[in-house]
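Source file: upload-v5.txt; contents: compact mmCIF, C-alpha atoms and all ligand atoms.
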```
# COMPACT_ATOMS: atom_id res chain seq x y z
CA MET A 686 7.82 -21.33 4.10
CA ARG A 687 10.07 -18.79 5.83
CA SER A 688 8.90 -15.30 4.92
CA LEU A 689 10.63 -12.01 5.54
CA ILE A 690 8.59 -8.78 5.57
CA ILE A 691 10.85 -5.77 5.03
CA GLY A 692 9.22 -2.60 6.38
CA ALA A 693 6.78 -4.52 8.56
CA ALA A 694 6.04 -1.76 11.09
CA GLY A 695 3.87 0.17 8.63
CA PHE A 696 0.15 -0.07 7.96
CA VAL A 697 0.27 -3.03 5.56
CA GLY A 698 3.00 -4.94 7.42
CA TYR A 699 0.80 -5.50 10.47
CA TYR A 700 -1.88 -7.22 8.37
CA LEU A 701 0.59 -9.07 6.15
CA ALA A 702 2.35 -10.64 9.16
CA ASN A 703 -1.01 -11.94 10.42
CA GLU A 704 -1.99 -13.20 6.96
CA LEU A 705 1.26 -15.17 6.60
CA LEU A 706 1.20 -16.52 10.16
CA ASN A 707 -2.41 -17.64 9.70
CA ASN A 708 -1.32 -19.53 6.59
CA GLY A 709 1.45 -21.40 8.37
CA ASP A 710 4.52 -19.36 7.40
CA GLU A 711 7.41 -18.72 9.75
CA VAL A 712 7.49 -14.91 9.73
CA TYR A 713 10.42 -12.54 10.19
CA CYS A 714 9.73 -8.81 10.26
CA THR A 715 12.12 -5.90 9.81
CA LYS A 716 11.53 -2.46 11.26
CA LEU A 717 13.46 0.75 11.71
CA ASN A 718 15.24 1.20 15.01
CA HIS A 719 12.62 3.64 16.42
CA GLU A 720 9.60 1.55 15.34
CA LYS A 721 7.59 -1.13 17.15
CA ILE A 722 6.06 -4.34 15.82
CA ASP A 723 2.77 -5.31 17.38
CA ASN A 724 2.96 -9.08 16.90
CA SER A 725 4.27 -11.59 19.40
CA LYS A 726 4.43 -14.51 16.94
CA ALA A 727 6.77 -12.87 14.41
CA LYS A 728 10.54 -12.65 14.83
CA VAL A 729 11.73 -9.05 14.64
CA VAL A 730 14.98 -7.58 13.28
CA ASP A 731 16.03 -3.93 12.91
CA LEU A 732 16.94 -2.89 9.37
CA ASP A 733 17.43 0.34 7.44
CA ILE A 734 17.36 -0.65 3.76
CA CYS A 735 19.62 2.28 2.88
CA ASP A 736 22.44 0.32 4.57
CA ALA A 737 23.44 -2.25 1.90
CA MET A 738 25.66 -4.27 4.26
CA ALA A 739 22.92 -4.48 6.87
CA VAL A 740 20.47 -5.83 4.26
CA LYS A 741 22.97 -8.57 3.38
CA THR A 742 23.50 -9.42 7.05
CA VAL A 743 19.74 -9.81 7.64
CA LEU A 744 19.26 -12.00 4.55
CA ALA A 745 22.24 -14.16 5.57
CA GLU A 746 20.77 -14.60 9.06
CA VAL A 747 17.17 -15.24 8.03
CA LYS A 748 17.69 -17.08 4.70
CA PRO A 749 14.09 -16.40 3.63
CA ASP A 750 12.21 -18.41 1.00
CA ALA A 751 10.02 -15.35 0.36
CA ILE A 752 10.64 -11.62 0.73
CA TYR A 753 7.81 -9.09 0.88
CA HIS A 754 9.41 -5.70 0.33
CA LEU A 755 7.10 -3.05 1.82
CA ALA A 756 9.69 -0.58 3.15
CA ALA A 757 9.24 2.79 1.51
CA GLN A 758 8.84 6.49 1.85
CA SER A 759 5.16 6.15 1.00
CA SER A 760 3.85 9.72 1.22
CA VAL A 761 3.19 11.59 -2.04
CA ALA A 762 3.23 14.93 -0.18
CA LEU A 763 6.60 14.20 1.45
CA SER A 764 8.01 13.02 -1.88
CA TRP A 765 7.65 16.61 -3.20
CA LYS A 766 9.39 18.02 -0.13
CA ARG A 767 12.14 15.36 0.09
CA PRO A 768 12.65 14.00 -3.46
CA ALA A 769 16.23 12.81 -2.92
CA LEU A 770 15.31 11.03 0.32
CA THR A 771 12.34 9.39 -1.42
CA ALA A 772 14.55 8.18 -4.27
CA GLN A 773 17.20 7.02 -1.79
CA ILE A 774 14.76 4.87 0.21
CA ASN A 775 12.50 3.68 -2.60
CA ILE A 776 14.98 3.16 -5.45
CA VAL A 777 18.42 2.70 -3.84
CA GLY A 778 16.87 0.82 -0.90
CA THR A 779 15.19 -1.60 -3.34
CA ILE A 780 18.46 -2.06 -5.23
CA ASN A 781 20.08 -2.96 -1.89
CA VAL A 782 17.38 -5.59 -1.31
CA LEU A 783 17.66 -7.03 -4.83
CA GLU A 784 21.46 -7.11 -4.75
CA ALA A 785 21.52 -8.81 -1.36
CA ALA A 786 18.94 -11.36 -2.52
CA ARG A 787 20.91 -12.00 -5.73
CA GLU A 788 24.01 -12.80 -3.70
CA ILE A 789 22.55 -14.60 -0.69
CA VAL A 790 19.12 -16.08 -1.55
CA PRO A 791 18.91 -16.07 -5.37
CA GLU A 792 16.01 -18.55 -5.35
CA ALA A 793 13.85 -16.45 -2.99
CA ARG A 794 10.44 -15.34 -4.22
CA ILE A 795 10.36 -11.55 -3.96
CA LEU A 796 7.39 -9.17 -4.00
CA LEU A 797 7.98 -5.50 -4.80
CA VAL A 798 4.97 -3.40 -3.87
CA GLY A 799 4.11 -0.57 -6.26
CA SER A 800 1.23 1.82 -6.57
CA SER A 801 -1.68 2.81 -8.80
CA GLU A 802 -0.07 6.27 -8.64
CA GLU A 803 2.30 4.93 -11.33
CA TYR A 804 -0.49 5.25 -13.92
CA GLY A 805 -0.70 9.04 -13.48
CA PRO A 806 -3.59 11.28 -14.60
CA ILE A 807 -5.35 8.92 -16.92
CA ASN A 808 -8.62 9.74 -18.60
CA LEU A 809 -10.29 6.42 -19.29
CA ASP A 810 -13.94 5.44 -19.36
CA ARG A 811 -12.97 1.84 -18.65
CA GLN A 812 -10.99 -0.03 -16.02
CA ILE A 813 -7.22 0.34 -16.23
CA LYS A 814 -5.14 -2.74 -17.13
CA GLU A 815 -1.56 -3.62 -16.36
CA ASP A 816 -0.48 -3.07 -19.97
CA ASP A 817 -1.96 0.45 -20.15
CA ILE A 818 0.60 3.23 -20.27
CA SER A 819 2.10 4.57 -17.04
CA ASN A 820 2.63 8.30 -16.85
CA PRO A 821 3.63 9.13 -13.26
CA LYS A 822 3.14 12.73 -12.20
CA ASN A 823 4.66 12.86 -8.75
CA ILE A 824 8.03 11.90 -7.28
CA TYR A 825 6.65 8.99 -5.23
CA ALA A 826 4.96 7.49 -8.30
CA LEU A 827 8.10 7.90 -10.37
CA THR A 828 10.20 6.05 -7.78
CA LYS A 829 7.64 3.23 -7.67
CA LEU A 830 7.66 2.88 -11.45
CA SER A 831 11.47 2.73 -11.29
CA VAL A 832 11.19 -0.06 -8.72
CA GLU A 833 8.86 -1.96 -11.04
CA HIS A 834 11.35 -1.68 -13.91
CA LEU A 835 14.18 -2.75 -11.61
CA GLY A 836 12.19 -5.82 -10.62
CA LYS A 837 11.53 -6.77 -14.23
CA MET A 838 15.19 -6.20 -15.11
CA TYR A 839 16.54 -8.36 -12.25
CA ALA A 840 14.00 -11.08 -13.05
CA GLN A 841 15.15 -11.16 -16.64
CA ALA A 842 18.89 -10.59 -16.24
CA TYR A 843 19.46 -12.86 -13.23
CA LYS A 844 16.53 -15.29 -13.58
CA MET A 845 15.32 -14.31 -10.12
CA ASN A 846 11.72 -14.82 -8.93
CA ILE A 847 10.38 -11.29 -8.68
CA PHE A 848 6.77 -10.06 -8.82
CA MET A 849 5.42 -6.54 -8.79
CA THR A 850 2.12 -4.92 -7.83
CA ARG A 851 0.36 -1.71 -8.64
CA SER A 852 -1.69 -1.52 -5.49
CA PHE A 853 -4.78 0.71 -5.45
CA ASN A 854 -6.06 2.58 -2.36
CA HIS A 855 -6.20 0.30 0.64
CA ILE A 856 -7.96 1.08 3.88
CA GLY A 857 -8.55 -0.40 7.31
CA PRO A 858 -8.18 0.20 11.02
CA ARG A 859 -4.68 1.48 12.04
CA GLN A 860 -4.18 3.57 8.88
CA ILE A 861 -2.90 7.08 9.67
CA PRO A 862 -5.18 10.07 8.90
CA GLN A 863 -2.96 11.21 6.05
CA PHE A 864 -5.18 9.06 3.80
CA VAL A 865 -8.72 10.09 2.90
CA VAL A 866 -10.92 7.51 4.66
CA ALA A 867 -8.84 7.60 7.84
CA ASP A 868 -8.80 11.42 7.64
CA PHE A 869 -12.62 11.72 7.44
CA ALA A 870 -13.22 8.97 10.03
CA SER A 871 -10.78 10.46 12.54
CA GLN A 872 -12.45 13.87 12.19
CA VAL A 873 -15.92 12.37 12.77
CA ALA A 874 -14.63 10.52 15.85
CA LYS A 875 -12.97 13.69 17.22
CA ILE A 876 -16.18 15.70 16.69
CA GLU A 877 -18.23 13.02 18.47
CA ALA A 878 -15.77 13.14 21.36
CA GLY A 879 -16.05 16.96 21.54
CA GLU A 880 -12.40 17.39 20.50
CA GLN A 881 -13.18 19.26 17.25
CA GLU A 882 -15.87 21.78 16.32
CA PRO A 883 -18.69 20.09 14.32
CA ILE A 884 -17.17 20.96 10.95
CA ILE A 885 -15.38 18.39 8.80
CA ARG A 886 -12.73 19.79 6.45
CA VAL A 887 -12.40 18.00 3.14
CA GLY A 888 -10.57 18.27 -0.19
CA ASN A 889 -11.88 17.26 -3.61
CA LEU A 890 -15.04 15.16 -3.17
CA GLU A 891 -15.75 14.64 -6.85
CA SER A 892 -13.05 12.09 -7.70
CA TYR A 893 -13.56 8.33 -7.76
CA ARG A 894 -11.03 5.88 -6.30
CA ASP A 895 -10.76 2.11 -6.15
CA PHE A 896 -10.72 1.16 -2.43
CA THR A 897 -9.97 -2.28 -1.02
CA ASP A 898 -9.79 -3.60 2.54
CA VAL A 899 -6.13 -4.01 3.53
CA ARG A 900 -6.86 -7.63 4.55
CA ASP A 901 -7.85 -8.42 0.96
CA ILE A 902 -4.70 -6.64 -0.26
CA VAL A 903 -2.34 -8.73 1.88
CA CYS A 904 -4.13 -11.90 0.82
CA ALA A 905 -3.40 -10.92 -2.79
CA TYR A 906 0.28 -10.39 -1.91
CA ARG A 907 0.53 -13.89 -0.43
CA ILE A 908 -1.16 -15.43 -3.45
CA ILE A 909 1.13 -13.59 -5.89
CA VAL A 910 4.26 -14.74 -4.05
CA ASN A 911 3.04 -18.33 -3.99
CA LYS A 912 1.62 -18.60 -7.49
CA SER A 913 2.93 -15.98 -9.90
CA GLN A 914 5.36 -16.42 -12.76
CA THR A 915 8.47 -14.29 -12.45
CA GLY A 916 8.52 -10.75 -13.87
CA GLU A 917 4.74 -10.27 -13.75
CA VAL A 918 2.97 -7.07 -12.62
CA TYR A 919 -0.49 -7.13 -11.01
CA ASN A 920 -3.14 -4.53 -10.33
CA VAL A 921 -4.27 -5.15 -6.76
CA GLY A 922 -7.57 -3.42 -6.11
CA SER A 923 -11.30 -4.03 -5.95
CA GLY A 924 -12.40 -3.26 -9.51
CA HIS A 925 -15.04 -0.85 -8.12
CA ALA A 926 -14.41 2.88 -7.92
CA ILE A 927 -16.31 4.84 -5.25
CA LYS A 928 -16.91 8.58 -5.24
CA ILE A 929 -15.12 10.27 -2.33
CA ARG A 930 -18.37 12.18 -1.58
CA ASP A 931 -20.17 8.84 -1.05
CA ILE A 932 -17.56 7.82 1.55
CA LEU A 933 -18.08 11.11 3.37
CA ASP A 934 -21.88 10.71 3.21
CA LEU A 935 -21.65 7.20 4.68
CA LEU A 936 -19.49 8.42 7.57
CA LEU A 937 -21.79 11.41 8.19
CA SER A 938 -24.83 9.11 8.24
CA GLU A 939 -23.07 6.97 10.87
CA SER A 940 -22.14 9.97 13.02
CA LYS A 941 -23.84 10.38 16.39
CA VAL A 942 -23.79 14.19 16.03
CA LYS A 943 -24.72 16.65 13.27
CA ILE A 944 -21.67 17.72 11.25
CA SER A 945 -21.31 20.33 8.52
CA VAL A 946 -18.83 20.06 5.67
CA GLU A 947 -16.28 22.69 4.67
CA ILE A 948 -14.29 22.45 1.46
CA ASP A 949 -10.61 23.25 2.11
CA LYS A 950 -8.89 24.08 -1.19
CA SER A 951 -5.45 23.54 0.40
CA ARG A 952 -6.32 19.83 0.51
CA PHE A 953 -6.66 19.65 -3.28
CA ARG A 954 -3.81 18.03 -5.23
CA PRO A 955 -2.11 20.13 -7.94
CA ILE A 956 -2.69 17.33 -10.46
CA ASP A 957 -5.64 15.10 -9.63
CA ILE A 958 -7.22 12.16 -11.39
CA LYS A 959 -11.00 12.20 -11.86
CA LYS A 960 -11.56 8.46 -11.83
CA ILE A 961 -9.39 5.39 -11.61
CA GLU A 962 -10.69 1.84 -11.40
CA ALA A 963 -8.58 -1.30 -11.54
CA ASN A 964 -9.10 -4.17 -13.91
CA VAL A 965 -8.37 -7.07 -11.57
CA SER A 966 -8.83 -10.01 -13.92
CA LYS A 967 -5.11 -10.84 -13.81
CA ILE A 968 -4.91 -11.20 -10.02
CA GLU A 969 -8.27 -13.02 -10.04
CA SER A 970 -6.78 -15.51 -12.50
CA LEU A 971 -4.43 -16.57 -9.66
CA GLY A 972 -7.48 -17.48 -7.56
CA TRP A 973 -7.81 -14.25 -5.53
CA THR A 974 -11.21 -12.78 -4.69
CA ARG A 975 -12.28 -9.93 -2.47
CA ARG A 976 -13.83 -10.96 0.87
CA TYR A 977 -14.55 -7.64 2.59
CA ALA A 978 -17.40 -5.25 1.67
CA ILE A 979 -15.89 -1.79 1.54
CA LYS A 980 -18.78 -0.12 3.40
CA ASP A 981 -18.15 -2.43 6.37
CA THR A 982 -14.45 -1.54 6.27
CA ILE A 983 -15.23 2.20 6.29
CA ILE A 984 -17.37 1.69 9.42
CA ASP A 985 -14.58 -0.43 10.98
CA VAL A 986 -12.21 2.50 10.42
CA LEU A 987 -14.66 4.88 12.12
CA ASN A 988 -15.03 2.51 15.10
CA TYR A 989 -11.23 2.24 15.33
CA PHE A 990 -10.92 6.03 15.72
CA ARG A 991 -13.83 6.09 18.18
CA LYS A 992 -11.76 3.81 20.44
O1 LIG A 1001 8.71 6.10 7.39
P1 LIG A 1001 8.40 5.29 8.62
O2 LIG A 1001 9.22 5.67 9.84
O3 LIG A 1001 6.92 5.19 8.89
O4 LIG A 1001 8.91 3.79 8.31
C1 LIG A 1001 8.43 3.12 7.14
C2 LIG A 1001 9.44 2.09 6.69
N1 LIG A 1001 10.66 2.70 6.14
C3 LIG A 1001 11.84 2.04 6.09
N2 LIG A 1001 12.18 0.79 6.43
C4 LIG A 1001 13.47 0.43 6.28
N3 LIG A 1001 14.43 1.23 5.80
C5 LIG A 1001 14.14 2.51 5.45
N4 LIG A 1001 15.12 3.31 4.99
C6 LIG A 1001 12.79 2.97 5.58
N5 LIG A 1001 12.16 4.13 5.35
C7 LIG A 1001 10.86 3.97 5.70
O5 LIG A 1001 8.70 1.33 5.73
C8 LIG A 1001 7.23 2.24 7.40
O6 LIG A 1001 7.30 1.57 8.63
C9 LIG A 1001 7.36 1.20 6.26
C10 LIG A 1001 6.37 1.47 5.14
O7 LIG A 1001 5.11 1.48 5.71
P2 LIG A 1001 3.99 2.59 5.41
O8 LIG A 1001 4.62 3.90 5.11
O9 LIG A 1001 2.95 2.51 6.49
O10 LIG A 1001 3.38 2.05 4.05
P3 LIG A 1001 2.19 0.96 3.89
O11 LIG A 1001 0.90 1.66 3.81
O12 LIG A 1001 2.38 -0.13 4.89
O13 LIG A 1001 2.52 0.45 2.43
C11 LIG A 1001 3.43 -0.62 2.19
C12 LIG A 1001 3.95 -0.50 0.79
C13 LIG A 1001 4.83 0.73 0.59
O14 LIG A 1001 5.88 0.34 -0.28
C14 LIG A 1001 3.93 1.72 -0.09
O15 LIG A 1001 4.64 2.64 -0.89
C15 LIG A 1001 3.04 0.79 -0.93
O16 LIG A 1001 2.87 -0.38 -0.13
O17 LIG A 1001 1.78 1.34 -1.19
```
Step by step, read the file and then write its structure as structure tokens.
Amino acid sequence: MRSLIIGAAGFVGYYLANELLNNGDEVYCTKLNHEKIDNSKAKVVDLDICDAMAVKTVLAEVKPDAIYHLAAQSSVALSWKRPALTAQINIVGTINVLEAAREIVPEARILLVGSSEEYGPINLDRQIKEDDISNPKNIYALTKLSVEHLGKMYAQAYKMNIFMTRSFNHIGPRQIPQFVVADFASQVAKIEAGEQEPIIRVGNLESYRDFTDVRDIVCAYRIIVNKSQTGEVYNVGSGHAIKIRDILDLLLSESKVKISVEIDKSRFRPIDIKKIEANVSKIESLGWTRRYAIKDTIIDVLNYFRK
């Protein structure tokens, strides 16, 4: 299978390229002009998805059997500051990918990656399912829900093979410290190295999130592309919510030095969700199971920042 990863220079793209190569795919990766791809076995092409003609040119050159569309403006914080840019990249960029695929590789199997953020501030005492209501409360989440609807619409209108995810928090080495586990782990590593005073600054520790190792996430993406029916949406997560405080406590217990904790209210989100946990029975029905214990992954992230 010839697979094209669009937006492969990001956090997930690195792991997805390895996952597909390890499973025998021929892998093409796109990146922005200023980015680098850390993989000698993948073929690399520059592509800005906001350029509709350039997307068509890449698809005509590569002729992929499968397209994994990861390219996005993926920061919630930046989506508030640059809403039009976020919509341009996430919505118009995805339309450019879908239109190019419709014209050039209409049989290709296409994955559009969405987010658990699409569900919004739910208040459930059970796991959330794909057919529960979405109520996005930030610009990023709204663009991702739009992408999901676009995918369903193209699948139905043009009989294309398109699958969507609502991916829950994923973590692993190489993630940037804008995300909570990487943020805490990088602070612990800096304190150990004497680069930060022995105080860790944190936001809301009382919420629960569903964390999964990024290597399990990309395995789910490969399985969806290979096995799913068109038009389907999948929760991709672990099915186990962890309290943010427990992640911090684990990292503090692993620290080589004594660290105190300071709550920084500026790190709180204006609208936050107390607890969100994925129901993953739909993705499991395709044969996917989690392989990585999340505590081991958290320690891997700490060791990554120590290096
Ligand atoms: O924003 P940058 O410079 O980090 O580049 C990101 C890239 N990207 C684009 N690629 C092509 N054309 C564009 N106009 C464009 N704008 C941004 O997409 C980055 O290299 C990549 C997305 O990777 P990350 O931001 O690291 O996201 P991650 O964690 O790999 O998540 C993959 C997907 C995204 O759709 C997320 O929204 C979703 O999973 O959670």
Produce a table with one row for each residue of segment 870-903 of chain A that has an atom at most 9 Å from any atom of segment 946-950 of chain A, each row naming the nearest atom pair and its distance in Å at one decimal; use all atoms listed in the file; arrange rows by chain and rising residue number; format as a tab-separated table.
```
residue	atom	partner	partner_atom	distance
A:Pro883	CA	A:Val946	CA	8.7
A:Ile884	CA	A:Val946	CA	5.6
A:Ile885	CA	A:Val946	CA	4.9
A:Arg886	CA	A:Glu947	CA	4.9
A:Val887	CA	A:Ile948	CA	5.1
A:Gly888	CA	A:Asp949	CA	5.5
A:Asn889	CA	A:Ile948	CA	7.6
A:Leu890	CA	A:Ile948	CA	8.7
```
Near Ala840 of chain A, counting all atoms listed in the file, which residues have an atom at most 7 Å away, once you skip same-chain residues fewer than 6 positions from it, shown as a count of residues only?
4
Kindly give the distance, in Å, that separates atom CA of Glu882 of chain A and atom CA of Ser938 of chain A, rounded to a single decimal.
17.5 Å
How would you report the residues lying within 9 Å of ligand LIG 1001 (chain A), as an NGL selection string, if you count all atoms listed in the file?
:A and (691-700 or 715-721 or 731-736 or 754-760 or 771 or 773-775 or 778 or 797-801 or 825-826 or 829 or 850-856 or 860-861)
Restricting the calculation to only C-alpha atoms: of A:Ser970, A:Ser892, A:Thr779, A:Asn988, which residue gets closest to Pro806 of chain A?
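Closest candidate: A:Ser892.
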Could you please determine the separation between atom CA of Gln841 of chain A and atom CA of Gly972 of chain A in Å, to one decimal place?
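Value for the atom CA of Gln841 of chain A-atom CA of Gly972 of chain A distance: 25.2 Å.
Comparing A:Phe848, A:Tyr839, A:Phe869, A:Tyr977 by their smallest distance to Asp898 of chain A, the closest is A:Tyr977 (using all atoms listed in the file).
Closest to Val832 of chain A among A:Leu783, A:Val873, A:Ala878, A:Val965 is A:Leu783, based on all atoms listed in the file.
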Have a look at A:Asp868, A:Glu815, A:Asp895, A:Asp985 and name the one nearest to Glu803 of chain A; count only C-alpha atoms.
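So, comparing all the options, the nearest one is A:Glu815.
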Separation of atom CA of Val942 of chain A and atom CA of Thr897 of chain A, in Å?
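Going from atom CA of Val942 of chain A over to atom CA of Thr897 of chain A covers 27.4 Å.
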Pick out the residues sitting within 10 Å of Ile961 of chain A, and hand them over as a list in words; count all atoms listed in the file, and ignore anything fewer than 2 positions along from it in its own chain.
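Neighbouring residues, sequence-local ones excluded: Ser801, Glu802, Tyr804, Gly805, Pro806, Ile807, Asn808, Leu809, Asp810, Arg811, Gln812, Ile813, Phe853, Ser892, Tyr893, Arg894, Asp895, Gly924, His925, Ala926, Ile927, Ile958, Lys959, Ala963 and Asn964 of chain A.
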Would you mind telling me which residue in A:Arg991, A:Phe896, A:Val790, A:Ser725 lies nearest to Glu880 of chain A when using all atoms listed in the file?
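Smallest separation from Glu880 of chain A among the options: A:Arg991.
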Taking 4 positions as the minimum chain separation for residues in the same chain, which residues sit within 7 Å of Thr982 of chain A when counting all atoms listed in the file? Answer as a short mmCIF file (atom, residue, chain, number, x, y, z; two decimals) with C-alpha atoms, keeping the file's coordinate frame.
```
data_model
loop_
_atom_site.label_atom_id
_atom_site.label_comp_id
_atom_site.auth_asym_id
_atom_site.auth_seq_id
_atom_site.Cartn_x
_atom_site.Cartn_y
_atom_site.Cartn_z
CA GLY A 857 -8.55 -0.40 7.31
CA ASP A 898 -9.79 -3.60 2.54
CA ALA A 978 -17.40 -5.25 1.67
CA VAL A 986 -12.21 2.50 10.42
#
```
Which residue, A:Asp723, A:Glu746, A:Glu917, A:Asp931, has the smallest gap to Ala785 of chain A when you use all atoms listed in the file?
A:Glu746
Please complete segment 822-833 of chain A so it has N, CA, C and O atoms, and hand it over as a tab-separated table (two decimals), in the coordinates of the input.
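Just written: result.tsv:
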```tsv
chain	number	residue	atom	x	y	z
A	822	LYS	N	3.09	11.26	-12.29
A	822	LYS	CA	3.14	12.73	-12.20
A	822	LYS	C	3.51	13.22	-10.80
A	822	LYS	O	3.23	14.36	-10.46
A	823	ASN	N	4.06	12.36	-9.99
A	823	ASN	CA	4.66	12.86	-8.75
A	823	ASN	C	5.89	12.02	-8.44
A	823	ASN	O	6.09	10.95	-9.03
A	824	ILE	N	6.72	12.53	-7.53
A	824	ILE	CA	8.03	11.90	-7.28
A	824	ILE	C	7.85	10.48	-6.73
A	824	ILE	O	8.54	9.54	-7.14
A	825	TYR	N	6.90	10.32	-5.81
A	825	TYR	CA	6.65	8.99	-5.23
A	825	TYR	C	6.33	7.99	-6.33
A	825	TYR	O	6.90	6.90	-6.40
A	826	ALA	N	5.40	8.39	-7.23
A	826	ALA	CA	4.96	7.49	-8.30
A	826	ALA	C	6.12	7.14	-9.23
A	826	ALA	O	6.27	6.00	-9.66
A	827	LEU	N	6.96	8.14	-9.50
A	827	LEU	CA	8.10	7.90	-10.37
A	827	LEU	C	9.07	6.89	-9.74
A	827	LEU	O	9.58	5.99	-10.42
A	828	THR	N	9.29	7.01	-8.42
A	828	THR	CA	10.20	6.05	-7.78
A	828	THR	C	9.59	4.65	-7.81
A	828	THR	O	10.29	3.67	-8.00
A	829	LYS	N	8.27	4.56	-7.67
A	829	LYS	CA	7.64	3.23	-7.67
A	829	LYS	C	7.67	2.60	-9.06
A	829	LYS	O	7.82	1.38	-9.20
A	830	LEU	N	7.55	3.43	-10.10
A	830	LEU	CA	7.66	2.88	-11.45
A	830	LEU	C	9.10	2.41	-11.71
A	830	LEU	O	9.32	1.38	-12.33
A	831	SER	N	10.07	3.15	-11.16
A	831	SER	CA	11.47	2.73	-11.29
A	831	SER	C	11.68	1.38	-10.62
A	831	SER	O	12.37	0.50	-11.15
A	832	VAL	N	11.08	1.22	-9.45
A	832	VAL	CA	11.19	-0.06	-8.72
A	832	VAL	C	10.62	-1.20	-9.56
A	832	VAL	O	11.20	-2.29	-9.66
A	833	GLU	N	9.48	-0.91	-10.20
A	833	GLU	CA	8.86	-1.96	-11.04
A	833	GLU	C	9.80	-2.36	-12.17
A	833	GLU	O	10.00	-3.55	-12.45
```
